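final.pdb (PDB, C-alpha atoms)
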ATOM      1  CA  MET Y   2       0.000   0.000   0.000  1.00  0.00           C
ATOM      2  CA  PRO Y   3       1.568   3.338  -1.051  1.00  0.00           C
ATOM      3  CA  ASP Y   4       2.279   6.036   1.493  1.00  0.00           C
ATOM      4  CA  THR Y   5      -0.427   8.677   1.135  1.00  0.00           C
ATOM      5  CA  ASN Y   6       1.242  11.187   3.436  1.00  0.00           C
ATOM      6  CA  PRO Y   7       3.212  13.652   1.316  1.00  0.00           C
ATOM      7  CA  THR Y   8       6.700  14.513   2.516  1.00  0.00           C
ATOM      8  CA  PRO Y   9       6.500  17.853   4.312  1.00  0.00           C
ATOM      9  CA  ASN Y  10       8.427  20.661   2.668  1.00  0.00           C
ATOM     10  CA  PRO Y  11      10.923  21.996   5.243  1.00  0.00           C
ATOM     11  CA  TYR Y  12      10.973  25.367   3.502  1.00  0.00           C
ATOM     12  CA  SER Y  13       7.252  25.897   3.924  1.00  0.00           C
ATOM     13  CA  THR Y  14       7.658  25.554   7.695  1.00  0.00           C
ATOM     14  CA  ILE Y  15      10.485  28.107   7.673  1.00  0.00           C
ATOM     15  CA  LEU Y  16       8.449  30.499   5.545  1.00  0.00           C
ATOM     16  CA  GLU Y  17       5.437  30.102   7.830  1.00  0.00           C
ATOM     17  CA  ARG Y  18       7.554  30.917  10.868  1.00  0.00           C
ATOM     18  CA  PHE Y  19       9.170  33.846   9.053  1.00  0.00           C
ATOM     19  CA  GLY Y  20       5.683  35.129   8.241  1.00  0.00           C
ATOM     20  CA  ASP Y  21       4.758  34.964  11.934  1.00  0.00           C
ATOM     21  CA  LEU Y  22       7.621  37.300  12.907  1.00  0.00           C
ATOM     22  CA  THR Y  23       7.126  41.012  13.414  1.00  0.00           C
ATOM     23  CA  GLU Y  24       8.601  43.335  10.789  1.00  0.00           C
ATOM     24  CA  ASP Y  25      11.471  44.327  13.121  1.00  0.00           C
ATOM     25  CA  ASP Y  26      12.246  40.682  13.923  1.00  0.00           C
ATOM     26  CA  ARG Y  27      12.296  39.836  10.202  1.00  0.00           C
ATOM     27  CA  ARG Y  28      14.730  42.638   9.483  1.00  0.00           C
ATOM     28  CA  GLN Y  29      16.951  41.595  12.391  1.00  0.00           C
ATOM     29  CA  LEU Y  30      16.939  37.965  11.234  1.00  0.00           C
ATOM     30  CA  LEU Y  31      17.830  39.000   7.681  1.00  0.00           C
ATOM     31  CA  ARG Y  32      20.690  41.192   8.980  1.00  0.00           C
ATOM     32  CA  GLU Y  33      22.045  38.287  11.028  1.00  0.00           C
ATOM     33  CA  LEU Y  34      21.786  35.833   8.131  1.00  0.00           C
ATOM     34  CA  THR Y  35      23.459  38.321   5.785  1.00  0.00           C
ATOM     35  CA  ALA Y  36      26.263  38.842   8.304  1.00  0.00           C
ATOM     36  CA  MET Y  37      26.780  35.072   8.557  1.00  0.00           C
ATOM     37  CA  VAL Y  38      26.984  34.713   4.775  1.00  0.00           C
ATOM     38  CA  ASP Y  39      29.334  37.693   4.524  1.00  0.00           C
ATOM     39  CA  GLN Y  40      31.534  36.229   7.240  1.00  0.00           C
ATOM     40  CA  ASP Y  41      31.857  32.948   5.355  1.00  0.00           C
ATOM     41  CA  ALA Y  42      32.744  34.777   2.147  1.00  0.00           C
ATOM     42  CA  LYS Y  43      35.448  36.789   3.927  1.00  0.00           C
ATOM     43  CA  LYS Y  44      37.261  33.700   5.241  1.00  0.00           C
ATOM     44  CA  ASP Y  45      39.074  33.284   1.909  1.00  0.00           C
ATOM     45  CA  LEU Y  46      40.127  36.930   1.633  1.00  0.00           C
ATOM     46  CA  SER Y  47      43.662  38.173   2.264  1.00  0.00           C
ATOM     47  CA  PRO Y  48      44.258  40.711   5.077  1.00  0.00           C
ATOM     48  CA  LEU Y  49      44.294  43.615   2.617  1.00  0.00           C
ATOM     49  CA  GLU Y  50      41.111  42.385   0.922  1.00  0.00           C
ATOM     50  CA  LYS Y  51      39.333  42.072   4.286  1.00  0.00           C
ATOM     51  CA  ALA Y  52      40.403  45.546   5.373  1.00  0.00           C
ATOM     52  CA  TRP Y  53      39.572  47.032   2.006  1.00  0.00           C
ATOM     53  CA  GLU Y  54      36.125  45.459   2.005  1.00  0.00           C
ATOM     54  CA  GLU Y  55      35.443  47.444   5.186  1.00  0.00           C
ATOM     55  CA  VAL Y  56      36.802  50.624   3.612  1.00  0.00           C
ATOM     56  CA  HIS Y  57      34.664  49.996   0.542  1.00  0.00           C
ATOM     57  CA  GLN Y  58      31.519  49.720   2.682  1.00  0.00           C
ATOM     58  CA  TYR Y  59      32.379  52.962   4.478  1.00  0.00           C
ATOM     59  CA  LEU Y  60      33.006  54.691   1.137  1.00  0.00           C
ATOM     60  CA  LEU Y  61      29.577  53.587  -0.071  1.00  0.00           C
ATOM     61  CA  LYS Y  62      27.984  55.079   3.029  1.00  0.00           C
ATOM     62  CA  LEU Y  63      29.942  58.316   2.647  1.00  0.00           C
ATOM     63  CA  SER Y  64      28.975  58.620  -1.003  1.00  0.00           C
ATOM     64  CA  ARG Y  65      25.352  58.995   0.088  1.00  0.00           C
ATOM     65  CA  GLU Y  66      26.107  61.787   2.559  1.00  0.00           C
ATOM     66  CA  PRO Y  67      25.935  65.458   1.561  1.00  0.00           C
ATOM     67  CA  TYR Y  68      28.690  66.363   4.072  1.00  0.00           C
ATOM     68  CA  ILE Y  69      31.298  63.904   5.246  1.00  0.00           C
ATOM     69  CA  ASP Y  70      33.537  65.913   7.550  1.00  0.00           C
ATOM     70  CA  ASP Y  71      31.740  64.800  10.707  1.00  0.00           C
ATOM     71  CA  GLN Y  72      30.831  61.260   9.644  1.00  0.00           C
ATOM     72  CA  ILE Y  73      32.174  58.394  11.763  1.00  0.00           C
ATOM     73  CA  GLU Y  74      32.898  56.390   8.586  1.00  0.00           C
ATOM     74  CA  LEU Y  75      35.595  58.897   7.664  1.00  0.00           C
ATOM     75  CA  TYR Y  76      37.416  58.212  10.926  1.00  0.00           C
ATOM     76  CA  GLU Y  77      37.003  54.462  10.470  1.00  0.00           C
ATOM     77  CA  ILE Y  78      38.647  54.712   7.038  1.00  0.00           C
ATOM     78  CA  TRP Y  79      41.515  56.696   8.524  1.00  0.00           C
ATOM     79  CA  ASP Y  80      42.034  54.072  11.232  1.00  0.00           C
ATOM     80  CA  ILE Y  81      42.045  51.173   8.763  1.00  0.00           C
ATOM     81  CA  CYS Y  82      44.500  52.978   6.491  1.00  0.00           C
ATOM     82  CA  ASP Y  83      46.765  53.711   9.482  1.00  0.00           C
ATOM     83  CA  ILE Y  84      46.812  50.021  10.402  1.00  0.00           C
ATOM     84  CA  LEU Y  85      47.605  48.989   6.835  1.00  0.00           C
ATOM     85  CA  ARG Y  86      50.339  51.633   6.469  1.00  0.00           C
ATOM     86  CA  ASP Y  87      51.970  50.507   9.698  1.00  0.00           C
ATOM     87  CA  ASP Y  88      52.690  47.076   8.185  1.00  0.00           C
ATOM     88  CA  PRO Y  89      54.215  47.686   4.736  1.00  0.00           C
ATOM     89  CA  ASP Y  90      55.803  44.222   4.660  1.00  0.00           C
ATOM     90  CA  SER Y  91      52.392  42.528   4.694  1.00  0.00           C
ATOM     91  CA  LEU Y  92      51.262  44.812   1.857  1.00  0.00           C
ATOM     92  CA  LYS Y  93      54.193  43.618  -0.246  1.00  0.00           C
ATOM     93  CA  LYS Y  94      53.052  40.019   0.268  1.00  0.00           C
ATOM     94  CA  GLU Y  95      49.674  40.763  -1.301  1.00  0.00           C
ATOM     95  CA  THR Y  96      49.198  39.863  -4.943  1.00  0.00           C
ATOM     96  CA  TRP Y  97      49.566  42.629  -7.495  1.00  0.00           C
ATOM     97  CA  GLU Y  98      45.940  42.071  -8.560  1.00  0.00           C
ATOM     98  CA  VAL Y  99      44.688  42.835  -5.041  1.00  0.00           C
ATOM     99  CA  ARG Y 100      46.958  45.871  -4.717  1.00  0.00           C
ATOM    100  CA  GLN Y 101      45.820  47.108  -8.162  1.00  0.00           C
ATOM    101  CA  LYS Y 102      42.188  46.877  -7.098  1.00  0.00           C
ATOM    102  CA  VAL Y 103      42.885  48.967  -4.001  1.00  0.00           C
ATOM    103  CA  ILE Y 104      44.904  51.533  -5.988  1.00  0.00           C
ATOM    104  CA  LEU Y 105      42.074  51.940  -8.473  1.00  0.00           C
ATOM    105  CA  GLU Y 106      39.516  52.423  -5.732  1.00  0.00           C
ATOM    106  CA  ILE Y 107      41.661  55.037  -4.001  1.00  0.00           C
ATOM    107  CA  LEU Y 108      42.050  56.885  -7.285  1.00  0.00           C
ATOM    108  CA  ALA Y 109      38.330  56.594  -7.982  1.00  0.00           C
ATOM    109  CA  HIS Y 110      37.656  58.579  -4.814  1.00  0.00           C
ATOM    110  CA  ASP Y 111      40.256  61.285  -5.334  1.00  0.00           C
ATOM    111  CA  GLU Y 112      37.523  63.920  -5.473  1.00  0.00           C
ATOM    112  CA  ILE Y 113      36.814  63.311  -1.770  1.00  0.00           C
ATOM    113  CA  LYS Y 114      39.888  65.114  -0.430  1.00  0.00           C
ATOM    114  CA  ASN Y 115      39.354  64.140   3.235  1.00  0.00           C
ATOM    115  CA  VAL Y 116      39.162  60.468   2.336  1.00  0.00           C
ATOM    116  CA  VAL Y 117      42.081  60.346  -0.064  1.00  0.00           C
ATOM    117  CA  VAL Y 118      44.406  62.227   2.274  1.00  0.00           C
ATOM    118  CA  SER Y 119      44.134  59.301   4.676  1.00  0.00           C
ATOM    119  CA  MET Y 120      44.782  56.841   1.849  1.00  0.00           C
ATOM    120  CA  GLU Y 121      47.602  58.666   0.089  1.00  0.00           C
ATOM    121  CA  ASP Y 122      50.520  57.159   2.019  1.00  0.00           C
ATOM    122  CA  LEU Y 123      48.926  53.742   1.649  1.00  0.00           C
ATOM    123  CA  LEU Y 124      48.623  54.328  -2.093  1.00  0.00           C
ATOM    124  CA  TYR Y 125      52.385  54.777  -2.470  1.00  0.00           C
ATOM    125  CA  LEU Y 126      53.111  51.612  -0.468  1.00  0.00           C
ATOM    126  CA  LEU Y 127      50.922  49.473  -2.734  1.00  0.00           C
ATOM    127  CA  ALA Y 128      53.113  49.896  -5.819  1.00  0.00           C
ATOM    128  CA  VAL Y 129      56.384  48.093  -5.093  1.00  0.00           C
ATOM    129  CA  THR Y 130      58.289  47.575  -8.342  1.00  0.00           C
ATOM    130  CA  ASP Y 131      59.129  50.289 -10.874  1.00  0.00           C
ATOM    131  CA  GLU Y 132      56.657  48.721 -13.301  1.00  0.00           C
ATOM    132  CA  GLU Y 133      53.893  48.856 -10.664  1.00  0.00           C
ATOM    133  CA  LYS Y 134      54.792  52.460  -9.806  1.00  0.00           C
ATOM    134  CA  ARG Y 135      54.648  53.395 -13.487  1.00  0.00           C
ATOM    135  CA  TRP Y 136      51.225  51.733 -13.837  1.00  0.00           C
ATOM    136  CA  MET Y 137      49.937  53.581 -10.762  1.00  0.00           C
ATOM    137  CA  ALA Y 138      51.381  56.909 -11.886  1.00  0.00           C
ATOM    138  CA  GLU Y 139      49.834  56.581 -15.346  1.00  0.00           C
ATOM    139  CA  HIS Y 140      46.451  55.977 -13.725  1.00  0.00           C
ATOM    140  CA  MET Y 141      46.996  58.970 -11.435  1.00  0.00           C
ATOM    141  CA  VAL Y 142      47.660  61.169 -14.459  1.00  0.00           C
ATOM    142  CA  ASP Y 143      44.598  59.808 -16.280  1.00  0.00           C
ATOM    143  CA  ARG Y 144      42.282  60.722 -13.390  1.00  0.00           C
ATOM    144  CA  TYR Y 145      42.775  64.495 -13.839  1.00  0.00           C
ATOM    145  CA  GLY Y 146      42.237  64.979 -10.128  1.00  0.00           C
ATOM    146  CA  TYR Y 147      44.510  66.661  -7.655  1.00  0.00           C
ATOM    147  CA  MET Y 148      46.743  63.563  -7.772  1.00  0.00           C
ATOM    148  CA  THR Y 149      47.672  64.188 -11.410  1.00  0.00           C
ATOM    149  CA  GLN Y 150      50.730  66.203 -10.368  1.00  0.00           C
ATOM    150  CA  ASP Y 151      51.853  63.400  -8.057  1.00  0.00           C
ATOM    151  CA  GLY Y 152      51.559  60.930 -10.927  1.00  0.00           C
ATOM    152  CA  ILE Y 153      53.659  63.146 -13.195  1.00  0.00           C
ATOM    153  CA  LYS Y 154      56.296  63.476 -10.474  1.00  0.00           C
ATOM    154  CA  ILE Y 155      56.487  59.685 -10.057  1.00  0.00           C
ATOM    155  CA  LEU Y 156      56.889  59.219 -13.807  1.00  0.00           C
ATOM    156  CA  LEU Y 157      59.642  61.856 -13.935  1.00  0.00           C
ATOM    157  CA  ASP Y 158      61.428  60.277 -10.959  1.00  0.00           C
ATOM    158  CA  LEU Y 159      61.276  56.851 -12.601  1.00  0.00           C
ATOM    159  CA  GLU Y 160      62.755  58.267 -15.837  1.00  0.00           C
ATOM    160  CA  TYR Y 161      65.469  60.076 -13.893  1.00  0.00           C
ATOM    161  CA  ASP Y 162      66.380  56.892 -12.008  1.00  0.00           C
ATOM    162  CA  LYS Y 163      66.425  54.947 -15.273  1.00  0.00           C
ATOM    163  CA  LYS Y 164      68.783  57.465 -16.909  1.00  0.00           C
ATOM    164  CA  LYS Y 165      70.985  57.484 -13.815  1.00  0.00           C
ATOM    165  CA  LYS Y 166      71.291  53.687 -13.937  1.00  0.00           C
ATOM    166  CA  MET Y 167      72.074  53.770 -17.631  1.00  0.00           C
ATOM    167  CA  THR Y 168      74.791  56.409 -17.081  1.00  0.00           C
ATOM    168  CA  ALA Y 169      76.306  54.341 -14.263  1.00  0.00           C
ATOM    169  CA  GLN Y 170      76.348  51.261 -16.504  1.00  0.00           C
ATOM    170  CA  ASP Y 171      77.971  53.241 -19.336  1.00  0.00           C
ATOM    171  CA  GLN Y 172      80.715  54.469 -17.005  1.00  0.00           C
ATOM    172  CA  ALA Y 173      81.423  50.979 -15.682  1.00  0.00           C
TER
END
Once more with this new file: its structure as structure tokens, please.
Amino acid sequence: MPDTNPTPNPYSTILERFGDLTEDDRRQLLRELTAMVDQDAKKDLSPLEKAWEEVHQYLLKLSREPYIDDQIELYEIWDICDILRDDPDSLKKETWEVRQKVILEILAHDEIKNVVVSMEDLLYLLAVTDEEKRWMAEHMVDRYGYMTQDGIKILLDLEYDKKKKMTAQDQA
């Protein structure tokens, strides 16, 4: 004789219980579930990627504010950048792809002077080799922001160093 009792759908029970929650409880549950999923996704990230994900979230919040000078997110960004700058050796261990991503995001926000000032020293630590510095400087020049002059200076310094090396090799 076949079983006439259908197998209960576990999702329907969850949805029924979710429907019984108050609006505030639903929102809180969704925030907690989102945080758990985000936490799992961050386990595979490098230290710079984890820190930069936080900075990215703060930048998104700041982008929606008409005035940012007194926003707590600005100070959080400064603190994260200070921590990253204080450990330049760990930055060098990051892949160039990760460092490129961070450089591009810093340059993308160069119109927000208060934010970029905190990131500027970090920016220069992210490009390690001459080739990376050249790439960064070219992107700085392309942005046409206040960092354009810094990009030109880096390019000139790299050319000067290159000529100096060539002259030293010719004399040897």
What do you get, as a PyMOL selection string, if you spell out every residue that the PyMOL selection byres ((chain Y and resi 126) around 10) selects here?
chain Y and resi 85-86+88-90+92-93+100+104+121-125+127-129+134
So which residues are close to (11.5, 33.8, 9.4), meaning at most 8 Å away in the file's coordinates with all atoms listed in the file counted, and can you show them as a ChimeraX atom specification?
/Y:15-22,27,30
Which residues of stretch 46-146 of chain Y come within 9 Å of stretch 156-172 of chain Y, and what is each one's closest atom pair and distance in Å (one decimal), counting only C-alpha atoms, sorted by chain and residue number, as a tab-separated table?
residue	atom	partner	partner_atom	distance
Y:Asp131	CA	Y:Leu159	CA	7.1
Y:Lys134	CA	Y:Leu156	CA	8.1
Y:Arg135	CA	Y:Leu156	CA	6.2
Y:Ala138	CA	Y:Leu156	CA	6.3
Y:Glu139	CA	Y:Leu156	CA	7.7
Given the PyMOL selection byres ((chain Y and resi 152) around 8), the residues it picks as JSON, numbers by chain
{"Y": [137, 138, 139, 140, 141, 142, 148, 149, 150, 151, 153, 154, 155, 156]}
How many Å lie between atom CA of Y:Arg28 and atom CA of Y:Asp80, rounded to one decimal?
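We find that atom CA of Y:Arg28 and atom CA of Y:Asp80 lie 29.7 Å from each other.
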What is the atom CA of Y:His110-atom CA of Y:Leu46 distance in Å, reported with one decimal?
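Answer for the atom CA of Y:His110 to atom CA of Y:Leu46 separation: 22.7 Å.
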Residues selected by the PyMOL selection byres ((chain Y and resi 106) around 12), written as a PDB file with C-alpha atoms, keeping the file's coordinate frame:
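Output contents, as saved in out_18.pdb:
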ATOM      1  CA  TRP Y  53      39.572  47.032   2.006  1.00  0.00           C
ATOM      2  CA  GLU Y  54      36.125  45.459   2.005  1.00  0.00           C
ATOM      3  CA  VAL Y  56      36.802  50.624   3.612  1.00  0.00           C
ATOM      4  CA  HIS Y  57      34.664  49.996   0.542  1.00  0.00           C
ATOM      5  CA  GLN Y  58      31.519  49.720   2.682  1.00  0.00           C
ATOM      6  CA  LEU Y  60      33.006  54.691   1.137  1.00  0.00           C
ATOM      7  CA  LEU Y  61      29.577  53.587  -0.071  1.00  0.00           C
ATOM      8  CA  VAL Y  99      44.688  42.835  -5.041  1.00  0.00           C
ATOM      9  CA  ARG Y 100      46.958  45.871  -4.717  1.00  0.00           C
ATOM     10  CA  GLN Y 101      45.820  47.108  -8.162  1.00  0.00           C
ATOM     11  CA  LYS Y 102      42.188  46.877  -7.098  1.00  0.00           C
ATOM     12  CA  VAL Y 103      42.885  48.967  -4.001  1.00  0.00           C
ATOM     13  CA  ILE Y 104      44.904  51.533  -5.988  1.00  0.00           C
ATOM     14  CA  LEU Y 105      42.074  51.940  -8.473  1.00  0.00           C
ATOM     15  CA  ILE Y 107      41.661  55.037  -4.001  1.00  0.00           C
ATOM     16  CA  LEU Y 108      42.050  56.885  -7.285  1.00  0.00           C
ATOM     17  CA  ALA Y 109      38.330  56.594  -7.982  1.00  0.00           C
ATOM     18  CA  HIS Y 110      37.656  58.579  -4.814  1.00  0.00           C
ATOM     19  CA  ASP Y 111      40.256  61.285  -5.334  1.00  0.00           C
ATOM     20  CA  GLU Y 112      37.523  63.920  -5.473  1.00  0.00           C
ATOM     21  CA  ILE Y 113      36.814  63.311  -1.770  1.00  0.00           C
ATOM     22  CA  VAL Y 116      39.162  60.468   2.336  1.00  0.00           C
ATOM     23  CA  VAL Y 117      42.081  60.346  -0.064  1.00  0.00           C
ATOM     24  CA  MET Y 120      44.782  56.841   1.849  1.00  0.00           C
ATOM     25  CA  GLU Y 121      47.602  58.666   0.089  1.00  0.00           C
ATOM     26  CA  LEU Y 124      48.623  54.328  -2.093  1.00  0.00           C
ATOM     27  CA  MET Y 137      49.937  53.581 -10.762  1.00  0.00           C
ATOM     28  CA  HIS Y 140      46.451  55.977 -13.725  1.00  0.00           C
ATOM     29  CA  MET Y 141      46.996  58.970 -11.435  1.00  0.00           C
ATOM     30  CA  ARG Y 144      42.282  60.722 -13.390  1.00  0.00           C
TER      31      ARG Y 144
END
